[in-house]
file run.txt (compact mmCIF, C-alpha atoms and all ligand atoms)
# COMPACT_ATOMS: atom_id res chain seq x y z
CA MET A 19 39.26 9.88 -5.38
CA SER A 20 37.61 9.23 -8.75
CA ASN A 21 34.43 10.88 -10.08
CA ASN A 22 32.66 7.53 -10.15
CA ILE A 23 29.39 6.55 -8.51
CA LEU A 24 29.34 3.12 -6.86
CA ILE A 25 26.02 1.41 -6.19
CA ILE A 26 25.82 -1.32 -3.57
CA ALA A 27 23.45 -4.00 -4.85
CA GLU A 28 21.37 -5.90 -2.31
CA GLY A 29 20.28 -9.45 -3.01
CA ARG A 30 18.37 -12.38 -1.60
CA ALA A 31 18.33 -16.08 -2.45
CA GLU A 32 16.01 -15.32 -5.40
CA GLY A 33 18.41 -12.73 -6.88
CA LEU A 34 19.13 -9.00 -6.79
CA LYS A 35 16.44 -6.77 -5.31
CA LYS A 36 14.67 -4.29 -7.59
CA VAL A 37 16.18 -1.38 -5.67
CA ALA A 38 19.62 -2.33 -7.06
CA PHE A 39 18.40 -1.57 -10.60
CA GLU A 40 16.80 1.69 -9.41
CA LEU A 41 20.10 2.77 -7.87
CA VAL A 42 21.82 2.29 -11.25
CA ASN A 43 19.29 4.73 -12.74
CA THR A 44 19.95 7.37 -10.05
CA ALA A 45 23.70 6.82 -10.37
CA GLN A 46 23.54 7.30 -14.15
CA GLN A 47 21.94 10.72 -13.69
CA LEU A 48 24.57 11.73 -11.12
CA ALA A 49 27.44 10.39 -13.22
CA ALA A 50 26.26 12.38 -16.25
CA ALA A 51 26.48 15.59 -14.18
CA LEU A 52 29.67 14.66 -12.35
CA GLY A 53 31.54 13.34 -15.38
CA GLY A 54 32.29 9.94 -13.85
CA SER A 55 31.04 6.45 -14.57
CA VAL A 56 28.64 4.12 -12.76
CA GLN A 57 30.08 1.06 -11.07
CA GLY A 58 28.35 -1.65 -9.06
CA ALA A 59 29.26 -3.80 -6.08
CA VAL A 60 27.94 -7.03 -4.60
CA VAL A 61 28.97 -8.71 -1.36
CA GLY A 62 28.05 -12.14 -0.06
CA ASN A 63 28.88 -15.79 -0.47
CA ASN A 64 28.60 -17.37 -3.95
CA VAL A 65 27.25 -14.16 -5.46
CA GLY A 66 28.78 -14.57 -8.92
CA ALA A 67 25.32 -14.73 -10.53
CA TRP A 68 24.33 -11.40 -8.91
CA ALA A 69 27.54 -9.82 -10.23
CA GLU A 70 26.82 -11.09 -13.74
CA THR A 71 23.30 -9.64 -13.67
CA LEU A 72 24.51 -6.31 -12.34
CA ALA A 73 27.23 -6.24 -15.02
CA LYS A 74 24.48 -6.16 -17.69
CA THR A 75 22.73 -3.03 -16.37
CA GLY A 76 24.99 -0.50 -18.09
CA VAL A 77 27.54 -0.15 -15.27
CA THR A 78 31.17 0.06 -16.40
CA LYS A 79 32.50 -2.35 -13.78
CA VAL A 80 31.31 -4.62 -10.98
CA PHE A 81 33.35 -5.18 -7.81
CA VAL A 82 32.66 -8.40 -5.94
CA ALA A 83 33.56 -9.39 -2.40
CA ASP A 84 32.72 -13.10 -2.38
CA ASN A 85 33.69 -14.80 0.85
CA ALA A 86 32.47 -17.78 2.87
CA ALA A 87 32.40 -15.57 6.00
CA LEU A 88 29.53 -13.67 4.32
CA GLU A 89 27.32 -16.78 4.14
CA LYS A 90 25.07 -15.52 6.95
CA PHE A 91 24.19 -11.84 7.17
CA ALA A 92 26.10 -10.14 9.98
CA PRO A 93 26.08 -6.33 9.64
CA GLU A 94 29.56 -6.06 11.14
CA THR A 95 31.13 -8.49 8.65
CA TYR A 96 29.26 -7.05 5.67
CA ALA A 97 30.32 -3.51 6.57
CA ASP A 98 33.90 -4.72 6.95
CA ALA A 99 33.81 -6.30 3.48
CA LEU A 100 32.16 -3.23 1.97
CA ALA A 101 34.67 -0.86 3.52
CA GLN A 102 37.53 -2.86 1.98
CA LEU A 103 35.76 -2.94 -1.38
CA VAL A 104 34.97 0.80 -1.35
CA ARG A 105 38.63 1.61 -0.58
CA VAL A 106 39.66 -0.22 -3.78
CA ALA A 107 36.83 1.23 -5.92
CA ASP A 108 37.63 4.75 -4.64
CA PRO A 109 34.32 6.37 -5.76
CA ALA A 110 33.05 9.92 -5.16
CA ILE A 111 29.56 8.75 -4.15
CA VAL A 112 28.32 5.41 -2.84
CA LEU A 113 24.59 4.66 -3.14
CA PHE A 114 22.73 2.17 -0.96
CA GLY A 115 19.00 1.37 -0.99
CA ALA A 116 17.25 2.76 2.11
CA THR A 117 15.99 -0.73 2.97
CA GLY A 118 16.47 -2.47 6.32
CA TRP A 119 19.64 -4.08 4.93
CA GLY A 120 20.90 -0.84 3.39
CA LYS A 121 20.26 1.18 6.52
CA GLU A 122 22.14 -1.30 8.65
CA VAL A 123 25.24 -1.70 6.48
CA SER A 124 25.51 1.87 5.15
CA ALA A 125 25.83 3.40 8.62
CA ARG A 126 28.49 0.90 9.66
CA THR A 127 30.43 1.20 6.40
CA ALA A 128 30.38 5.02 6.54
CA ALA A 129 31.60 4.91 10.15
CA LYS A 130 34.43 2.53 9.28
CA LEU A 131 35.63 4.79 6.46
CA ASP A 132 34.87 8.02 8.35
CA TRP A 133 32.68 9.26 5.47
CA GLY A 134 29.49 11.28 5.68
CA LEU A 135 26.17 9.48 5.12
CA VAL A 136 22.86 11.04 4.08
CA THR A 137 20.04 8.59 4.75
CA ASP A 138 16.58 7.87 3.38
CA CYS A 139 16.71 10.28 0.43
CA THR A 140 14.00 10.68 -2.19
CA SER A 141 16.14 12.48 -4.76
CA ALA A 142 19.78 13.13 -5.53
CA HIS A 143 21.23 15.55 -8.02
CA ILE A 144 24.30 17.66 -8.72
CA GLN A 145 23.84 21.42 -8.33
CA ASN A 146 26.75 23.77 -9.04
CA GLY A 147 29.12 20.85 -8.68
CA ALA A 148 27.75 19.80 -5.26
CA LEU A 149 25.63 16.78 -4.40
CA VAL A 150 22.16 17.84 -3.19
CA LEU A 151 19.80 15.34 -1.59
CA ALA A 152 16.13 15.58 -0.63
CA ARG A 153 15.02 13.77 2.54
CA PRO A 154 11.52 13.77 4.02
CA ILE A 155 11.58 14.82 7.69
CA TYR A 156 8.97 15.11 10.46
CA SER A 157 7.19 11.99 9.15
CA GLY A 158 7.12 13.43 5.63
CA LYS A 159 5.61 16.80 6.61
CA ALA A 160 8.64 18.67 5.29
CA ILE A 161 11.46 17.97 2.85
CA ALA A 162 15.03 18.84 3.88
CA HIS A 163 17.47 19.63 1.06
CA VAL A 164 20.92 18.54 2.17
CA ARG A 165 24.08 19.65 0.40
CA ALA A 166 27.11 17.41 0.87
CA LYS A 167 29.94 19.69 1.99
CA LYS A 168 32.51 17.44 0.38
CA LEU A 169 32.96 14.20 -1.46
CA PRO A 170 33.30 11.26 -1.03
CA VAL A 171 29.97 10.66 0.62
CA MET A 172 27.48 7.83 1.08
CA VAL A 173 23.77 8.12 0.44
CA SER A 174 20.83 5.80 0.96
CA ILE A 175 17.91 6.21 -1.47
CA ARG A 176 14.35 5.05 -0.85
CA PRO A 177 13.12 2.22 -3.07
CA ASN A 178 10.42 2.83 -5.69
CA ILE A 179 11.37 6.45 -6.36
CA VAL A 180 12.85 6.06 -9.88
CA PRO A 181 12.28 3.37 -12.54
CA ALA A 182 14.55 0.32 -12.45
CA VAL A 183 16.96 -0.14 -15.37
CA GLU A 184 16.98 -3.43 -17.31
CA ALA A 185 19.82 -5.95 -17.18
CA ASN A 186 19.95 -6.31 -20.98
CA GLN A 187 23.27 -4.82 -22.00
CA ALA A 188 26.68 -6.28 -22.78
CA GLY A 189 28.34 -7.49 -19.58
CA ALA A 190 30.84 -5.11 -17.95
CA PRO A 191 34.08 -6.47 -16.44
CA ILE A 192 33.83 -8.04 -12.99
CA GLN A 193 36.67 -7.51 -10.49
CA ASN A 194 37.03 -9.76 -7.48
CA ILE A 195 38.17 -7.97 -4.33
CA PRO A 196 39.82 -10.32 -1.83
CA VAL A 197 38.66 -9.33 1.65
CA THR A 198 40.02 -10.32 5.05
CA LEU A 199 37.21 -10.73 7.55
CA LYS A 200 37.32 -11.23 11.28
CA GLU A 201 34.88 -13.33 13.29
CA PRO A 202 32.05 -10.88 14.14
CA ARG A 203 31.31 -10.03 17.77
CA ALA A 204 27.64 -10.86 17.14
CA ARG A 205 26.92 -14.00 15.13
CA VAL A 206 23.66 -14.92 13.41
CA VAL A 207 22.76 -18.37 14.71
CA GLU A 208 19.47 -18.84 12.91
CA GLN A 209 17.50 -17.14 10.17
CA VAL A 210 13.73 -17.55 10.21
CA VAL A 211 12.15 -16.62 6.91
CA ALA A 212 8.71 -15.04 7.31
CA ALA A 213 5.83 -16.60 5.37
CA LYS A 214 6.18 -15.12 1.90
CA SER A 215 3.46 -12.72 0.77
CA LYS A 216 2.19 -13.14 -2.76
CA VAL A 217 3.66 -9.76 -3.79
CA ASP A 218 6.55 -8.00 -2.03
CA LEU A 219 5.04 -4.93 -0.36
CA GLY A 220 8.20 -2.85 -0.64
CA GLU A 221 8.51 -3.43 -4.38
CA ALA A 222 4.83 -3.59 -5.43
CA SER A 223 3.50 -1.17 -8.04
CA ILE A 224 -0.02 -1.47 -6.56
CA VAL A 225 -0.77 -1.61 -2.82
CA VAL A 226 -4.21 -2.05 -1.24
CA SER A 227 -4.20 -1.37 2.51
CA GLY A 228 -6.71 -1.82 5.27
CA GLY A 229 -6.94 -0.02 8.61
CA ARG A 230 -8.96 -0.14 11.79
CA GLY A 231 -12.06 0.32 9.61
CA VAL A 232 -11.84 -3.34 8.51
CA LYS A 233 -12.91 -4.16 12.10
CA GLY A 234 -11.18 -7.54 12.46
CA PRO A 235 -8.92 -10.10 10.77
CA GLU A 236 -11.74 -11.35 8.54
CA GLY A 237 -12.33 -7.74 7.40
CA PHE A 238 -9.07 -7.97 5.43
CA ALA A 239 -10.72 -10.45 3.01
CA PRO A 240 -12.17 -7.79 0.64
CA VAL A 241 -8.89 -5.84 0.87
CA GLN A 242 -6.87 -8.95 -0.07
CA GLU A 243 -9.32 -9.82 -2.87
CA LEU A 244 -8.95 -6.40 -4.46
CA ALA A 245 -5.15 -6.60 -4.09
CA ASP A 246 -5.21 -10.02 -5.81
CA THR A 247 -7.40 -8.80 -8.68
CA LEU A 248 -5.05 -5.87 -9.25
CA GLY A 249 -1.91 -8.01 -8.84
CA GLY A 250 -0.91 -5.82 -5.91
CA ALA A 251 0.37 -6.26 -2.37
CA LEU A 252 -1.57 -6.14 0.87
CA GLY A 253 -0.77 -3.28 3.26
CA ALA A 254 -2.10 -2.25 6.66
CA SER A 255 -2.12 0.59 9.16
CA ARG A 256 -0.43 0.19 12.52
CA ALA A 257 -3.81 0.17 14.26
CA ALA A 258 -4.73 -3.01 12.39
CA VAL A 259 -1.32 -4.56 13.08
CA ASP A 260 -1.38 -3.62 16.77
CA ALA A 261 -4.84 -5.14 17.07
CA GLY A 262 -3.32 -8.44 15.89
CA TRP A 263 -5.49 -8.59 12.77
CA ILE A 264 -2.56 -8.81 10.37
CA ASP A 265 1.19 -9.45 10.52
CA TYR A 266 3.61 -6.56 11.07
CA THR A 267 5.32 -7.29 7.71
CA HIS A 268 2.29 -5.60 6.09
CA GLN A 269 2.54 -2.36 8.10
CA VAL A 270 2.97 0.83 6.07
CA GLY A 271 4.20 3.98 7.74
CA GLN A 272 6.80 5.59 9.93
CA THR A 273 7.45 2.42 11.91
CA GLY A 274 6.55 0.08 9.05
CA LYS A 275 7.50 -0.05 5.37
CA THR A 276 7.84 2.94 3.07
CA VAL A 277 6.08 2.28 -0.21
CA ALA A 278 5.79 4.41 -3.34
CA PRO A 279 3.60 2.39 -5.72
CA LYS A 280 1.86 3.68 -8.83
CA LEU A 281 -1.48 3.12 -7.07
CA TYR A 282 -2.17 3.10 -3.30
CA ILE A 283 -5.67 2.28 -2.11
CA ALA A 284 -6.32 3.05 1.58
CA ALA A 285 -9.48 1.46 2.95
CA GLY A 286 -10.72 2.29 6.44
CA ILE A 287 -7.56 4.27 7.19
CA SER A 288 -7.94 7.74 8.72
CA GLY A 289 -4.67 9.17 7.36
CA ALA A 290 -2.57 9.77 10.49
CA ILE A 291 0.73 11.52 9.78
CA GLN A 292 2.66 8.38 10.74
CA HIS A 293 0.78 6.36 8.12
CA LEU A 294 1.24 9.06 5.47
CA ALA A 295 5.00 8.97 6.16
CA GLY A 296 5.08 5.55 4.53
CA MET A 297 2.89 6.09 1.47
CA SER A 298 2.56 9.77 0.57
CA SER A 299 5.05 9.40 -2.31
CA SER A 300 2.60 7.04 -4.10
CA LYS A 301 1.73 8.26 -7.61
CA VAL A 302 -2.06 7.94 -7.28
CA ILE A 303 -3.79 7.63 -3.90
CA VAL A 304 -7.37 6.39 -3.61
CA ALA A 305 -9.06 6.61 -0.20
CA VAL A 306 -12.18 4.71 0.84
CA ASN A 307 -13.59 5.97 4.13
CA LYS A 308 -17.08 6.42 5.51
CA ASP A 309 -16.09 9.68 7.24
CA PRO A 310 -16.07 12.55 4.69
CA ASP A 311 -13.80 14.55 7.05
CA ALA A 312 -11.13 11.84 7.37
CA PRO A 313 -7.67 13.46 6.90
CA ILE A 314 -6.71 10.86 4.27
CA PHE A 315 -8.97 12.71 1.79
CA LYS A 316 -6.63 15.71 1.98
CA ILE A 317 -3.85 13.80 0.24
CA ALA A 318 -6.00 11.44 -1.85
CA ASP A 319 -6.23 11.94 -5.62
CA TYR A 320 -9.57 10.12 -5.60
CA GLY A 321 -11.81 9.85 -2.55
CA ILE A 322 -14.75 7.51 -2.12
CA VAL A 323 -16.98 8.30 0.87
CA GLY A 324 -18.60 5.01 1.73
CA ASP A 325 -18.48 1.72 3.58
CA LEU A 326 -15.43 -0.26 2.50
CA PHE A 327 -17.40 -3.51 2.78
CA THR A 328 -19.66 -2.22 -0.03
CA VAL A 329 -17.15 -0.19 -2.03
CA LEU A 330 -14.25 -2.71 -2.25
CA PRO A 331 -16.35 -5.66 -3.55
CA ALA A 332 -18.04 -3.33 -6.06
CA LEU A 333 -14.64 -2.04 -7.26
CA ASN A 334 -13.36 -5.60 -7.43
CA GLU A 335 -16.28 -6.71 -9.61
CA GLU A 336 -15.89 -3.78 -12.00
CA ILE A 337 -12.11 -4.27 -12.31
CA LYS A 338 -12.62 -7.99 -13.00
CA LYS A 339 -14.99 -7.07 -15.85
CA LEU A 340 -12.15 -5.09 -17.46
CA GLY A 341 -10.29 -8.39 -17.73
C1 LIG B 1 5.65 6.83 17.03
C2 LIG B 1 4.46 6.37 16.25
C3 LIG B 1 4.66 5.62 15.10
C4 LIG B 1 3.57 5.19 14.34
N1 LIG B 1 3.80 4.47 13.20
C5 LIG B 1 2.75 4.15 12.42
C6 LIG B 1 2.95 3.46 11.19
O1 LIG B 1 4.06 3.08 10.81
N2 LIG B 1 1.86 3.20 10.43
C7 LIG B 1 0.59 3.56 10.79
O2 LIG B 1 -0.34 3.28 10.05
N3 LIG B 1 0.38 4.18 11.97
C8 LIG B 1 1.42 4.47 12.79
N4 LIG B 1 1.18 5.08 13.98
C9 LIG B 1 -0.21 5.18 14.46
C10 LIG B 1 -0.98 6.32 13.87
O3 LIG B 1 -0.79 7.48 14.68
C11 LIG B 1 -2.49 6.00 13.85
O4 LIG B 1 -2.90 5.66 15.16
C12 LIG B 1 -2.85 4.85 12.92
O5 LIG B 1 -2.28 5.04 11.64
C13 LIG B 1 -4.36 4.76 12.79
O6 LIG B 1 -4.72 3.68 12.00
P1 LIG B 1 -6.08 3.67 11.22
O7 LIG B 1 -6.14 4.83 10.29
O8 LIG B 1 -6.25 2.31 10.65
O9 LIG B 1 -7.15 3.80 12.40
P2 LIG B 1 -8.13 4.99 12.78
O10 LIG B 1 -7.37 6.25 12.94
O11 LIG B 1 -8.94 4.50 13.91
O12 LIG B 1 -9.04 5.16 11.49
C14 LIG B 1 -9.96 4.22 11.06
C15 LIG B 1 -10.71 4.84 9.91
O13 LIG B 1 -11.58 3.89 9.35
C16 LIG B 1 -12.77 4.55 8.96
N5 LIG B 1 -13.82 3.51 8.91
C17 LIG B 1 -14.36 2.82 9.95
N6 LIG B 1 -15.23 1.90 9.47
C18 LIG B 1 -15.23 2.02 8.12
C19 LIG B 1 -15.92 1.34 7.08
N7 LIG B 1 -16.76 0.35 7.32
N8 LIG B 1 -15.68 1.75 5.80
C20 LIG B 1 -14.83 2.77 5.53
N9 LIG B 1 -14.15 3.42 6.48
C21 LIG B 1 -14.34 3.05 7.76
C22 LIG B 1 -12.99 5.60 10.03
O14 LIG B 1 -13.81 6.65 9.54
C23 LIG B 1 -11.56 6.05 10.31
O15 LIG B 1 -11.20 7.16 9.49
C24 LIG B 1 2.26 5.51 14.75
C25 LIG B 1 2.06 6.27 15.90
C26 LIG B 1 3.15 6.69 16.64
C27 LIG B 1 2.91 7.52 17.87

call {"tool": "encode", "arguments": {"input": "run.txt", "output": "structure tokens", "more": "lines below"}}
Ligand SMILES: Cc1cc2nc3c(=O)[nH]c(=O)nc-3n(C[C@H](O)[C@H](O)[C@H](O)COP(=O)(O)OP(=O)(O)OC[C@H]3O[C@@H](n4cnc5c(N)ncnc54)[C@H](O)[C@@H]3O)c2cc1C
result
Amino acid sequence: MSNNILIIAEGRAEGLKKVAFELVNTAQQLAAALGGSVQGAVVGNNVGAWAETLAKTGVTKVFVADNAALEKFAPETYADALAQLVRVADPAIVLFGATGWGKEVSARTAAKLDWGLVTDCTSAHIQNGALVLARPIYSGKAIAHVRAKKLPVMVSIRPNIVPAVEANQAGAPIQNIPVTLKEPRARVVEQVVAAKSKVDLGEASIVVSGGRGVKGPEGFAPVQELADTLGGALGASRAAVDAGWIDYTHQVGQTGKTVAPKLYIAAGISGAIQHLAGMSSSKVIVAVNKDPDAPIFKIADYGIVGDLFTVLPALNEEIKKLG
């Protein structure tokens, strides 16, 4: 086993996801303490362009498993390819993003290699030579500090926790790993792409969310308008999603997306623990609620007690004036 840190970069048709560049940042900090180097990996079909981008982020090498069998996402096949790639790379630590994709393939890859896996972490560092991870538990009410008993180990890290590195350096070498893949037991027969939101909620630096207080689908209009003015993404509480006022892809919380933007505005959201589980790592939280005793005010940096249908348009107007 080497001392190297291997990051598994996730991509989509439009290119690598932001979390891949964040993982390089985390890996660089770990490698500095562990004395190894940072390497990257991409898997898929025709993913040469992803590998070239990743090679410019400061990693020392990129491993690529490029295979026609990886054309459609099948967790079993991807984990198989990753396991073969990881065996060749022989790292001490493998980092995945704690995204839907990362969660699915990391567990399978770890099981195939019989490695440990620490999931959904918000920080990773080396302490007295051991890898120590922080993971929110009980819907974010407590933080567990987990020490890996031994290396190698796999870790998934939440998106939006550390800044993304730039892909602006000299390209590192790219090594192709030939992989042998079996026909998966479960095949993807069709992929239906959800209507694309203007800004990706999971990667947005500003999120404006509405809850049951918006009172209906049309009540999301002032929430969306403020999000648009700020160049942010539209979020929602589960109550609003369950009521059918907005699509599930906007749900923030324990059973929705975890976001950690620079600014999170919660309008008409009470602040249930399951909602906080998805947004409490936001840098600045602004709550708009007509109930001064709403629990959301306990974690808000700025609280506005008032009717969201008055407050949001007023905020929107003022922000527009700032240009
Ligand atoms: C297993 C499990 C998982 C869950 N997962 C999630 C999850 O992922 N995400 C999530 O959000 N919830 C989740 N929930 C549900 C959660 O417990 C709450 O029920 C939900 O978050 C409440 O949504 P809300 O704050 O929009 O609604 P409410 O709790 O009804 O709050 C509405 C708020 O709007 C305010 N309000 C009303 N009118 C106005 C107005 N005109 N202007 C300003 N304020 C107004 C009210 O004062 C109130 O505080 C989960 C629950 C369980 C049991």

call {"tool": "residues_near_ligand", "arguments": {"input": "run.txt", "ligand": "ligand LIG 1 (chain B)", "cutoff": "8 Å", "atoms": "all atoms listed in the file", "output": "PDB file with C-alpha atoms, in the coordinates of the input"}}
result
ATOM      1  CA  GLY A 228      -6.710  -1.820   5.270  1.00  0.00           C
ATOM      2  CA  GLY A 229      -6.940  -0.020   8.610  1.00  0.00           C
ATOM      3  CA  ARG A 230      -8.960  -0.140  11.790  1.00  0.00           C
ATOM      4  CA  GLY A 231     -12.060   0.320   9.610  1.00  0.00           C
ATOM      5  CA  VAL A 232     -11.840  -3.340   8.510  1.00  0.00           C
ATOM      6  CA  LYS A 233     -12.910  -4.160  12.100  1.00  0.00           C
ATOM      7  CA  ALA A 254      -2.100  -2.250   6.660  1.00  0.00           C
ATOM      8  CA  SER A 255      -2.120   0.590   9.160  1.00  0.00           C
ATOM      9  CA  ARG A 256      -0.430   0.190  12.520  1.00  0.00           C
ATOM     10  CA  ALA A 257      -3.810   0.170  14.260  1.00  0.00           C
ATOM     11  CA  ALA A 258      -4.730  -3.010  12.390  1.00  0.00           C
ATOM     12  CA  GLN A 269       2.540  -2.360   8.100  1.00  0.00           C
ATOM     13  CA  VAL A 270       2.970   0.830   6.070  1.00  0.00           C
ATOM     14  CA  GLY A 271       4.200   3.980   7.740  1.00  0.00           C
ATOM     15  CA  GLN A 272       6.800   5.590   9.930  1.00  0.00           C
ATOM     16  CA  THR A 273       7.450   2.420  11.910  1.00  0.00           C
ATOM     17  CA  GLY A 274       6.550   0.080   9.050  1.00  0.00           C
ATOM     18  CA  LYS A 275       7.500  -0.050   5.370  1.00  0.00           C
ATOM     19  CA  ALA A 285      -9.480   1.460   2.950  1.00  0.00           C
ATOM     20  CA  GLY A 286     -10.720   2.290   6.440  1.00  0.00           C
ATOM     21  CA  ILE A 287      -7.560   4.270   7.190  1.00  0.00           C
ATOM     22  CA  SER A 288      -7.940   7.740   8.720  1.00  0.00           C
ATOM     23  CA  GLY A 289      -4.670   9.170   7.360  1.00  0.00           C
ATOM     24  CA  ALA A 290      -2.570   9.770  10.490  1.00  0.00           C
ATOM     25  CA  ILE A 291       0.730  11.520   9.780  1.00  0.00           C
ATOM     26  CA  GLN A 292       2.660   8.380  10.740  1.00  0.00           C
ATOM     27  CA  HIS A 293       0.780   6.360   8.120  1.00  0.00           C
ATOM     28  CA  LEU A 294       1.240   9.060   5.470  1.00  0.00           C
ATOM     29  CA  ALA A 295       5.000   8.970   6.160  1.00  0.00           C
ATOM     30  CA  GLY A 296       5.080   5.550   4.530  1.00  0.00           C
ATOM     31  CA  VAL A 306     -12.180   4.710   0.840  1.00  0.00           C
ATOM     32  CA  ASN A 307     -13.590   5.970   4.130  1.00  0.00           C
ATOM     33  CA  LYS A 308     -17.080   6.420   5.510  1.00  0.00           C
ATOM     34  CA  ASP A 309     -16.090   9.680   7.240  1.00  0.00           C
ATOM     35  CA  PRO A 310     -16.070  12.550   4.690  1.00  0.00           C
ATOM     36  CA  ALA A 312     -11.130  11.840   7.370  1.00  0.00           C
ATOM     37  CA  PRO A 313      -7.670  13.460   6.900  1.00  0.00           C
ATOM     38  CA  ILE A 314      -6.710  10.860   4.270  1.00  0.00           C
ATOM     39  CA  VAL A 323     -16.980   8.300   0.870  1.00  0.00           C
ATOM     40  CA  GLY A 324     -18.600   5.010   1.730  1.00  0.00           C
ATOM     41  CA  ASP A 325     -18.480   1.720   3.580  1.00  0.00           C
ATOM     42  CA  LEU A 326     -15.430  -0.260   2.500  1.00  0.00           C
ATOM     43  CA  PHE A 327     -17.400  -3.510   2.780  1.00  0.00           C
TER      44      PHE A 327
END

call {"tool": "closest_residue", "arguments": {"input": "run.txt", "among": "A:Arg153, A:Lys36, A:Lys130, A:Lys90", "to": "A:Thr117", "atoms": "all atoms listed in the file"}}
result
A:Lys36

call {"tool": "residues_around", "arguments": {"input": "run.txt", "residues": "A:Ile224", "least_positions_apart": "6", "cutoff": "9 Å", "atoms": "only C-alpha atoms", "output": "number ranges by chain"}}
result
A: 245, 248-252, 278-283

call {"tool": "closest_residue", "arguments": {"input": "run.txt", "among": "A:Ala73, A:Ile26, A:Ala45, A:Val80", "to": "A:Trp119", "atoms": "all atoms listed in the file"}}
result
A:Ile26

call {"tool": "residues_around", "arguments": {"input": "run.txt", "residues": "stretch 160-162 of chain A", "least_positions_apart": "6", "cutoff": "10 Å", "atoms": "all atoms listed in the file", "output": "list of chain:residue names"}}
result
A:Cys139, A:Thr140, A:Leu151, A:Ala152, A:Arg153, A:Pro154

call {"tool": "write_last_selection", "arguments": {"input": "run.txt", "atoms": "C-alpha atoms", "output": "mmCIF file, in the coordinates of the input"}}
result
data_model
loop_
_atom_site.group_PDB
_atom_site.id
_atom_site.type_symbol
_atom_site.label_atom_id
_atom_site.label_comp_id
_atom_site.auth_asym_id
_atom_site.auth_seq_id
_atom_site.Cartn_x
_atom_site.Cartn_y
_atom_site.Cartn_z
ATOM 1 C CA CYS A 139 16.710 10.280 0.430
ATOM 2 C CA THR A 140 14.000 10.680 -2.190
ATOM 3 C CA LEU A 151 19.800 15.340 -1.590
ATOM 4 C CA ALA A 152 16.130 15.580 -0.630
ATOM 5 C CA ARG A 153 15.020 13.770 2.540
ATOM 6 C CA PRO A 154 11.520 13.770 4.020
#

call {"tool": "atom_distance", "arguments": {"input": "run.txt", "atom1": "atom CA of A:Ile179", "atom2": "atom CA of A:Thr95"}}
result
29.0 Å

call {"tool": "closest_residue", "arguments": {"input": "run.txt", "among": "A:His268, A:Arg176, A:Arg165, A:Lys200", "to": "A:Gly118", "atoms": "all atoms listed in the file"}}
result
A:Arg176

call {"tool": "atom_distance", "arguments": {"input": "run.txt", "atom1": "atom CA of A:Thr127", "atom2": "atom CA of A:Val171"}}
result
11.1 Å

call {"tool": "residues_around", "arguments": {"input": "run.txt", "residues": "A:Val206", "least_positions_apart": "5", "cutoff": "12 Å", "atoms": "all atoms listed in the file", "output": "PyMOL selection string"}}
result
chain A and resi 87-95+201

call {"tool": "atom_distance", "arguments": {"input": "run.txt", "atom1": "atom CA of A:Pro191", "atom2": "atom CA of A:Pro177"}}
result
26.3 Å

call {"tool": "closest_residue", "arguments": {"input": "run.txt", "among": "A:Met172, A:Ile25, A:Val304, A:Ala222", "to": "A:Ser124", "atoms": "only C-alpha atoms"}}
result
A:Met172

call {"tool": "closest_residue", "arguments": {"input": "run.txt", "among": "A:Ala50, A:Ala31, A:Val56, A:Val136", "to": "A:Trp68", "atoms": "all atoms listed in the file"}}
result
A:Ala31

call {"tool": "residues_around", "arguments": {"input": "run.txt", "residues": "stretch 100-108 of chain A", "least_positions_apart": "3", "cutoff": "7 Å", "atoms": "all atoms listed in the file", "output": "PDB file with C-alpha atoms, in the coordinates of the input"}}
result
ATOM      1  CA  MET A  19      39.260   9.880  -5.380  1.00  0.00           C
ATOM      2  CA  SER A  20      37.610   9.230  -8.750  1.00  0.00           C
ATOM      3  CA  ALA A  83      33.560  -9.390  -2.400  1.00  0.00           C
ATOM      4  CA  TYR A  96      29.260  -7.050   5.670  1.00  0.00           C
ATOM      5  CA  ALA A  97      30.320  -3.510   6.570  1.00  0.00           C
ATOM      6  CA  THR A 127      30.430   1.200   6.400  1.00  0.00           C
ATOM      7  CA  LYS A 130      34.430   2.530   9.280  1.00  0.00           C
ATOM      8  CA  LEU A 131      35.630   4.790   6.460  1.00  0.00           C
ATOM      9  CA  ILE A 195      38.170  -7.970  -4.330  1.00  0.00           C
ATOM     10  CA  VAL A 197      38.660  -9.330   1.650  1.00  0.00           C
TER      11      VAL A 197
END

call {"tool": "closest_residue", "arguments": {"input": "run.txt", "among": "A:Leu340, A:Ile317, A:Ala86, A:Leu244", "to": "A:Val61", "atoms": "all atoms listed in the file"}}
result
A:Ala86

call {"tool": "residues_around", "arguments": {"input": "run.txt", "residues": "A:Ala166", "least_positions_apart": "6", "cutoff": "12 Å", "atoms": "only C-alpha atoms", "output": "list in words"}}
result
Ala110, Ile111, Trp133, Gly134, Leu135, Val136, Thr137, Ala142, His143, Ile144, Gln145, Asn146, Gly147, Ala148, Leu149, Val150, Leu151, Ala152, Met172 and Val173 of chain A

call {"tool": "write_last_selection", "arguments": {"input": "run.txt", "atoms": "C-alpha atoms", "output": "compact mmCIF listing (two decimals), in the coordinates of the input"}}
result
# COMPACT_ATOMS: atom_id res chain seq x y z
CA ALA A 110 33.05 9.92 -5.16
CA ILE A 111 29.56 8.75 -4.15
CA TRP A 133 32.68 9.26 5.47
CA GLY A 134 29.49 11.28 5.68
CA LEU A 135 26.17 9.48 5.12
CA VAL A 136 22.86 11.04 4.08
CA THR A 137 20.04 8.59 4.75
CA ALA A 142 19.78 13.13 -5.53
CA HIS A 143 21.23 15.55 -8.02
CA ILE A 144 24.30 17.66 -8.72
CA GLN A 145 23.84 21.42 -8.33
CA ASN A 146 26.75 23.77 -9.04
CA GLY A 147 29.12 20.85 -8.68
CA ALA A 148 27.75 19.80 -5.26
CA LEU A 149 25.63 16.78 -4.40
CA VAL A 150 22.16 17.84 -3.19
CA LEU A 151 19.80 15.34 -1.59
CA ALA A 152 16.13 15.58 -0.63
CA MET A 172 27.48 7.83 1.08
CA VAL A 173 23.77 8.12 0.44
